[in-house]
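J.: I have a structure I would like to understand better, so I am pasting it below and will then ask my questions one at a time.
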Amino acid sequence: MRLSSYFMPTLKENPSEAQITSHRLMLRAGLIRQTSAGIYIWLPLGLRVMRKIEQIVREEQDRAGAQEILMPTIQPAELWQESGRYDAYGKEMLRITDRHDREMLYGPTNEEMVTDLFRNNVKSYKDLPKMLYHIQWKFRDEIRPRFGIMRGREFLMKDNYSFDIDADAGRISYNKMYVAYLRTFARLGLVAIPVRADTGAIGGDLSHEFQILAETGESTLYYDKEIENFDLASLTGEIDMQTIEKLQSLYAMEEEKHDPETCPVASGDLRTAKGIEVGHIFFFGTKYSDSMNAKVTGADGNLVPVEMGSYGVGVSRLVGALIEANHDDNGIIWPEVVAPYKVGLINLRTKDDHCTKACDDIYQKLSALGIEVLYDDRDIGAGGKFADMDLVGLPWQLIVGPRGLEKNLVELKNRATGDREELSLEDAISRLS
RNA sequence: CGGGGAGUGGCGCAGCCUGGUAGCGCACCUGUUUUGGGUACAGGGGGUCGCAAGUUCGAAUCUUGUCUCCCCGACCA
């Protein structure tokens, strides 16, 4: 992509409304723009990052045996009246009336809808287990949206729902998602600690939140320091049951679940930290299948309510969380797996025909190799290009100017380490492929 | 919802107290210059001051109402 024609409105100064780093950088690097409190437009660069995160989440869901569907954002109130949550949910639910005076709502989550789908179409234990997920926009009318995308009112969430014949099978589905989450966050290069959590409005007795440690986090965590021995950011391979059991046996609690009186961990071994909740998994059994009459015929011929769980990942929130975890004073530092482009090609002298020719040539070669390149071919000063490229945070910068070209050299800069290397054109291209 | 702060060109801000129809930096456009970390100079375009009502000869400035945004708290799949 040529920057001269790309929509990437960067800001030199910090917008006054943004307090935390990720919010500031998302505005400054041209990832998002706010339209009203907690509601944002995703600009090209931000959308590319979100799509990449979404894809990693999707791949791990599929790998765990879940099947992707797409449910609507607008739901009929009847389903929620049936489960009893229409009244229970309160003002966080955005209620809408259509032209026929029918009560509708913008979905904050989809348990009711997916339970309805299930009961209408699945009748036998032979069709179980099933896991159905979608990646869809949600709306929660938060009392106070804040921190940019991190606590927005509209947000993109992956939510998966499991259906099993009994509680034991349900626990297996739960653990499959537990593993999928460990792998998902590890692939994103994040250390996400699974902590036991309150089940809140969802209900049930088993729940883990996946928390990324960050000072700007809204949750408070207490955990056994032994958890730090797990290399959580590296769990991208097969994860055996032993690891799961060990990890789940260690003390790790979200604030509401932590009780200093009964905590078994010695105070010297107890860590406390702030965390950003990026995932939350629940096993709630028959809470919805009972109230909504979602039953299947068991092997013995009797009808039994299905055992269910639900599993959420805050996809849009992860964009912010990744920035909180990966930045410096100059801007964002994207991990390569989610970077909007892999390489930023900087033409230091667009008016120099030789230099521009060389850059055009590199751009074509890299593009032909399938490498995502953001090519700064704008007619502005070198300083601005360096500053923008650092701000936007692409993993590699390929800096090309007349001075180096005289010696047939270009400069390759690693955004994360700041290391620079002078290479021949050919070597630079092969290093990036 | 309780407490606090703020709405003046795209962004950051000054002006408001002591009313006289708007200013600075950045960004933008033109030209020259410069070019390896936001180059310099000159010229230029753009706002009626969140909205409404009121006071006044006259309101960005005073009064009242209202909307929006931000921060702290409560809240929170």
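Ordered as shown in the structure tokens, chains take letters A, B, and onward, while each chain numbers its residues from 1 and ligands are numbered from 1 in the order shown.
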Got a sec to pull out which chain A residues are within 7 Å of chain B, counting only C-alpha atoms (C1' of nucleotides), and send them as an MDAnalysis selection string?

T.: chainID A and resid 11 13 15 17 143 202 280 381:384 386:387

J.: Write out as a PyMOL selection string which residues come within 6 Å of segment 114-119 of chain A when counting only C-alpha atoms (C1' of nucleotides), dropping same-chain ones fewer than 3 positions away.

T.: chain A and resi 111+122+294

J.: Now that the selection is made, can you save its residues with N, CA and C atoms as a tab-separated table (two decimals), in the first residue's frame?

T.:
chain	number	residue	atom	x	y	z
A	111	GLU	N	-26.60	-16.04	24.63
A	111	GLU	CA	-27.02	-17.34	25.19
A	111	GLU	C	-28.44	-17.72	24.77
A	122	VAL	N	-31.76	-29.56	17.39
A	122	VAL	CA	-31.04	-30.72	17.89
A	122	VAL	C	-31.92	-31.47	18.88
A	294	ALA	N	-34.53	-26.53	26.60
A	294	ALA	CA	-33.69	-27.10	25.55
A	294	ALA	C	-33.26	-28.50	25.98

J.: In Å, rounded to a single decimal, give me how far atom CA of Asp379 of chain A is from atom CA of Arg349 of chain A.

T.: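 Distance between the two atoms: 7.9 Å.
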
J.: Find the distance between atom CA of Gly107 of chain A and atom CA of Gly170 of chain A and write it in Å to one decimal.

T.: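 Going from atom CA of Gly107 of chain A over to atom CA of Gly170 of chain A covers 24.9 Å.
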
J.: Determine which residues of segment 261-429 of chain A receive a DSSP assignment of helix (DSSP H, G or I), computed from the backbone, and state them as a VMD selection string.

T.: chain A and resid 267 to 269 287 to 291 315 to 325 353 to 368 382 to 392 402 to 405 425 to 429

J.: List the neighbours of U63 of chain B out to 12 Å using only C-alpha atoms (C1' of nucleotides); skip same-chain residues closer than 3 positions along the sequence, and give me the result as a PyMOL selection string.

T.: chain B and resi 53-56+59

J.: For those residues, write N, CA and C atoms (P, O5', C5', C4', C3', O3' and C1' of nucleotides) to a file as a PDB file, in the first residue's frame.

T.:
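Saved file out.pdb follows:
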ATOM      1  P     A B  53     -32.922  31.030  19.841  1.00  0.00           P
ATOM      2  O5'   A B  53     -33.325  31.573  21.290  1.00  0.00           O
ATOM      3  C5'   A B  53     -34.654  31.389  21.777  1.00  0.00           C
ATOM      4  C4'   A B  53     -34.709  31.704  23.245  1.00  0.00           C
ATOM      5  C3'   A B  53     -34.385  33.143  23.637  1.00  0.00           C
ATOM      6  O3'   A B  53     -35.475  34.019  23.437  1.00  0.00           O
ATOM      7  C1'   A B  53     -33.271  31.662  25.089  1.00  0.00           C
ATOM      8  P     G B  54     -35.136  35.561  23.161  1.00  0.00           P
ATOM      9  O5'   G B  54     -34.522  36.051  24.547  1.00  0.00           O
ATOM     10  C5'   G B  54     -35.349  36.135  25.704  1.00  0.00           C
ATOM     11  C4'   G B  54     -34.532  36.436  26.926  1.00  0.00           C
ATOM     12  C3'   G B  54     -33.850  37.796  26.967  1.00  0.00           C
ATOM     13  O3'   G B  54     -34.746  38.832  27.330  1.00  0.00           O
ATOM     14  C1'   G B  54     -32.359  36.125  27.750  1.00  0.00           C
ATOM     15  P     U B  55     -34.449  40.311  26.801  1.00  0.00           P
ATOM     16  O5'   U B  55     -33.197  40.754  27.669  1.00  0.00           O
ATOM     17  C5'   U B  55     -33.328  40.940  29.082  1.00  0.00           C
ATOM     18  C4'   U B  55     -32.027  41.418  29.654  1.00  0.00           C
ATOM     19  C3'   U B  55     -31.406  42.604  28.933  1.00  0.00           C
ATOM     20  O3'   U B  55     -31.967  43.833  29.387  1.00  0.00           O
ATOM     21  C1'   U B  55     -29.760  40.945  29.303  1.00  0.00           C
ATOM     22  P     U B  56     -32.406  44.901  28.256  1.00  0.00           P
ATOM     23  O5'   U B  56     -31.016  45.358  27.640  1.00  0.00           O
ATOM     24  C5'   U B  56     -30.049  46.009  28.458  1.00  0.00           C
ATOM     25  C4'   U B  56     -28.758  46.156  27.694  1.00  0.00           C
ATOM     26  C3'   U B  56     -28.896  46.771  26.305  1.00  0.00           C
ATOM     27  O3'   U B  56     -28.974  48.190  26.363  1.00  0.00           O
ATOM     28  C1'   U B  56     -27.480  44.871  26.218  1.00  0.00           C
ATOM     29  P     A B  59     -24.975  40.971  20.630  1.00  0.00           P
ATOM     30  O5'   A B  59     -23.649  40.838  21.519  1.00  0.00           O
ATOM     31  C5'   A B  59     -22.347  40.774  20.941  1.00  0.00           C
ATOM     32  C4'   A B  59     -21.566  39.644  21.605  1.00  0.00           C
ATOM     33  C3'   A B  59     -22.159  38.268  21.364  1.00  0.00           C
ATOM     34  O3'   A B  59     -21.127  37.298  21.382  1.00  0.00           O
ATOM     35  C1'   A B  59     -22.260  38.760  23.652  1.00  0.00           C
TER      36        A B  59
END

J.: Using only C-alpha atoms, which of the listed residues (A:Ala192, A:Leu409, A:Ala368, A:Val319) sits closest to Glu421 of chain A?

T.: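 Among the listed residues, the smallest separation from Glu421 of chain A belongs to A:Leu409.
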
J.: Extract, using only C-alpha atoms (C1' of nucleotides), all DNA, RNA and protein residues at most 12 Å from Glu426 of chain A, discarding same-chain residues fewer than 2 positions from it, and format them as a PyMOL selection string.

T.: chain A and resi 358+361-362+365-366+408-412+422-424+428-433

J.: Residues as selected, C-alpha atoms, written as a PDB file, in the first residue's frame, can you do that?

T.:
ATOM      1  CA  ALA A 358      14.749   1.793  -6.360  1.00  0.00           C
ATOM      2  CA  ASP A 361      11.285  -1.738  -7.416  1.00  0.00           C
ATOM      3  CA  ILE A 362      11.615  -2.987  -3.817  1.00  0.00           C
ATOM      4  CA  LYS A 365       9.411  -7.305  -5.321  1.00  0.00           C
ATOM      5  CA  LEU A 366       8.237  -7.522  -1.743  1.00  0.00           C
ATOM      6  CA  ASN A 408      23.966  -0.130  -3.129  1.00  0.00           C
ATOM      7  CA  LEU A 409      22.933  -0.236   0.540  1.00  0.00           C
ATOM      8  CA  VAL A 410      19.634   0.158   2.327  1.00  0.00           C
ATOM      9  CA  GLU A 411      18.945   0.210   6.036  1.00  0.00           C
ATOM     10  CA  LEU A 412      16.792  -2.341   7.804  1.00  0.00           C
ATOM     11  CA  GLU A 422      22.991  -1.800   6.369  1.00  0.00           C
ATOM     12  CA  LEU A 423      22.341  -4.392   3.716  1.00  0.00           C
ATOM     13  CA  SER A 424      22.359  -4.723  -0.007  1.00  0.00           C
ATOM     14  CA  ALA A 428      17.266  -6.896   2.634  1.00  0.00           C
ATOM     15  CA  ILE A 429      14.566  -8.466   0.517  1.00  0.00           C
ATOM     16  CA  SER A 430      15.638 -11.992   1.326  1.00  0.00           C
ATOM     17  CA  ARG A 431      15.799 -11.128   5.019  1.00  0.00           C
ATOM     18  CA  LEU A 432      12.195 -10.023   4.912  1.00  0.00           C
ATOM     19  CA  SER A 433      10.851 -12.980   2.990  1.00  0.00           C
TER      20      SER A 433
END

J.: Nearest residue to Ile165 of chain A out of A:Arg415, A:His327, A:Lys123, A:Lys342, using only C-alpha atoms?

T.: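 Between A:Arg415, A:His327, A:Lys123, A:Lys342, the residue approaching Ile165 of chain A most closely is A:Lys123.
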
J.: If we count only C-alpha atoms (C1' of nucleotides), what is near Met50 of chain A at a cut-off of 10 Å, once residues fewer than 4 positions away on the same chain are taken out, given as a list in words?

T.: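 Counting only C-alpha atoms (C1' of nucleotides), the residues come to Leu31, Trp42, Pro44, Leu45, Gly46, Glu54, Gln55, Leu156, Val315, Ser316, Arg317, Leu318, Val319, Gly320, Val338, Ala339 and Pro340 of chain A.
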
J.: Could you tell me how far atom C1' of U61 of chain B lies from atom C1' of C16 of chain B, in Å and to one decimal?

T.: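 Those two atoms sit 4.2 Å apart.
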
J.: Could you pull the residues within 7 Å of Ile333 of chain A, counting only C-alpha atoms (C1' of nucleotides), minus those fewer than 5 positions along the same chain, as an NGL selection string?

T.: :A and (326-327 or 393-395 or 415-416)

J.: Residues of the last selection are to be written out with N, CA, C and O atoms, as a CSV table (one decimal), in the first residue's frame.

T.:
chain,number,residue,atom,x,y,z
A,326,ASN,N,2.7,-3.6,24.3
A,326,ASN,CA,3.7,-3.5,23.3
A,326,ASN,C,3.8,-2.0,22.7
A,326,ASN,O,3.3,-1.7,21.7
A,327,HIS,N,4.6,-1.2,23.4
A,327,HIS,CA,4.8,0.2,23.0
A,327,HIS,C,6.0,0.8,23.6
A,327,HIS,O,6.5,0.2,24.6
A,393,GLY,N,4.2,1.7,14.2
A,393,GLY,CA,4.8,0.5,14.8
A,393,GLY,C,4.9,-0.8,14.0
A,393,GLY,O,4.9,-1.9,14.6
A,394,LEU,N,5.1,-0.7,12.7
A,394,LEU,CA,5.3,-1.9,11.9
A,394,LEU,C,6.6,-2.5,12.4
A,394,LEU,O,7.6,-1.8,12.7
A,395,PRO,N,6.7,-3.9,12.3
A,395,PRO,CA,7.9,-4.6,12.9
A,395,PRO,C,9.2,-4.2,12.2
A,395,PRO,O,10.2,-4.2,12.9
A,415,ARG,N,11.9,-2.4,14.6
A,415,ARG,CA,11.1,-1.5,15.5
A,415,ARG,C,11.2,-1.8,17.0
A,415,ARG,O,11.4,-0.9,17.8
A,416,ALA,N,11.2,-3.1,17.3
A,416,ALA,CA,11.2,-3.5,18.7
A,416,ALA,C,12.5,-3.3,19.4
A,416,ALA,O,12.6,-2.7,20.5

J.: From a DSSP pass on the backbone, collect the residues of segment 47-125 of chain A flagged as strand (DSSP E or B) and hand them back as a list in words.

T.: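 Output for segment 47-125 of chain A, strand (DSSP E or B) only: Gln67, Glu68, Ile74, Gln75, Pro76, Leu94, Arg95, Ile96, Thr97, Glu103, Met104, Leu105, Tyr106 and Ser124 of chain A.
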
J.: Please produce a file of those selected residues containing C-alpha atoms, as a CSV table (one decimal), in the first residue's frame.

T.:
chain,number,residue,atom,x,y,z
A,67,GLN,CA,-18.1,-24.3,14.3
A,68,GLU,CA,-18.6,-20.8,13.2
A,74,ILE,CA,-30.6,-7.3,16.9
A,75,GLN,CA,-32.6,-9.8,19.0
A,76,PRO,CA,-36.3,-10.2,19.9
A,94,LEU,CA,-30.0,-1.3,24.7
A,95,ARG,CA,-33.7,-1.8,24.0
A,96,ILE,CA,-35.3,-0.9,20.7
A,97,THR,CA,-38.8,-0.8,19.4
A,103,GLU,CA,-39.7,-5.0,21.5
A,104,MET,CA,-36.2,-5.7,20.3
A,105,LEU,CA,-32.7,-5.3,21.7
A,106,TYR,CA,-29.1,-4.9,20.6
A,124,SER,CA,-30.7,-36.4,20.2

J.: Measuring between only C-alpha atoms, which one of A:Asn414, A:Thr184, A:Ser289, A:Gln397 shows the shortest distance to Lys52 of chain A?

T.: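 Of the candidates, the smallest distance to Lys52 of chain A is held by A:Thr184.
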
J.: Which is closer to Tyr222 of chain A than all the others in A:Tyr251, A:Phe210, A:Trp137, A:Tyr161, using only C-alpha atoms?

T.: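 For Tyr222 of chain A, the nearest of the candidates is A:Tyr251.
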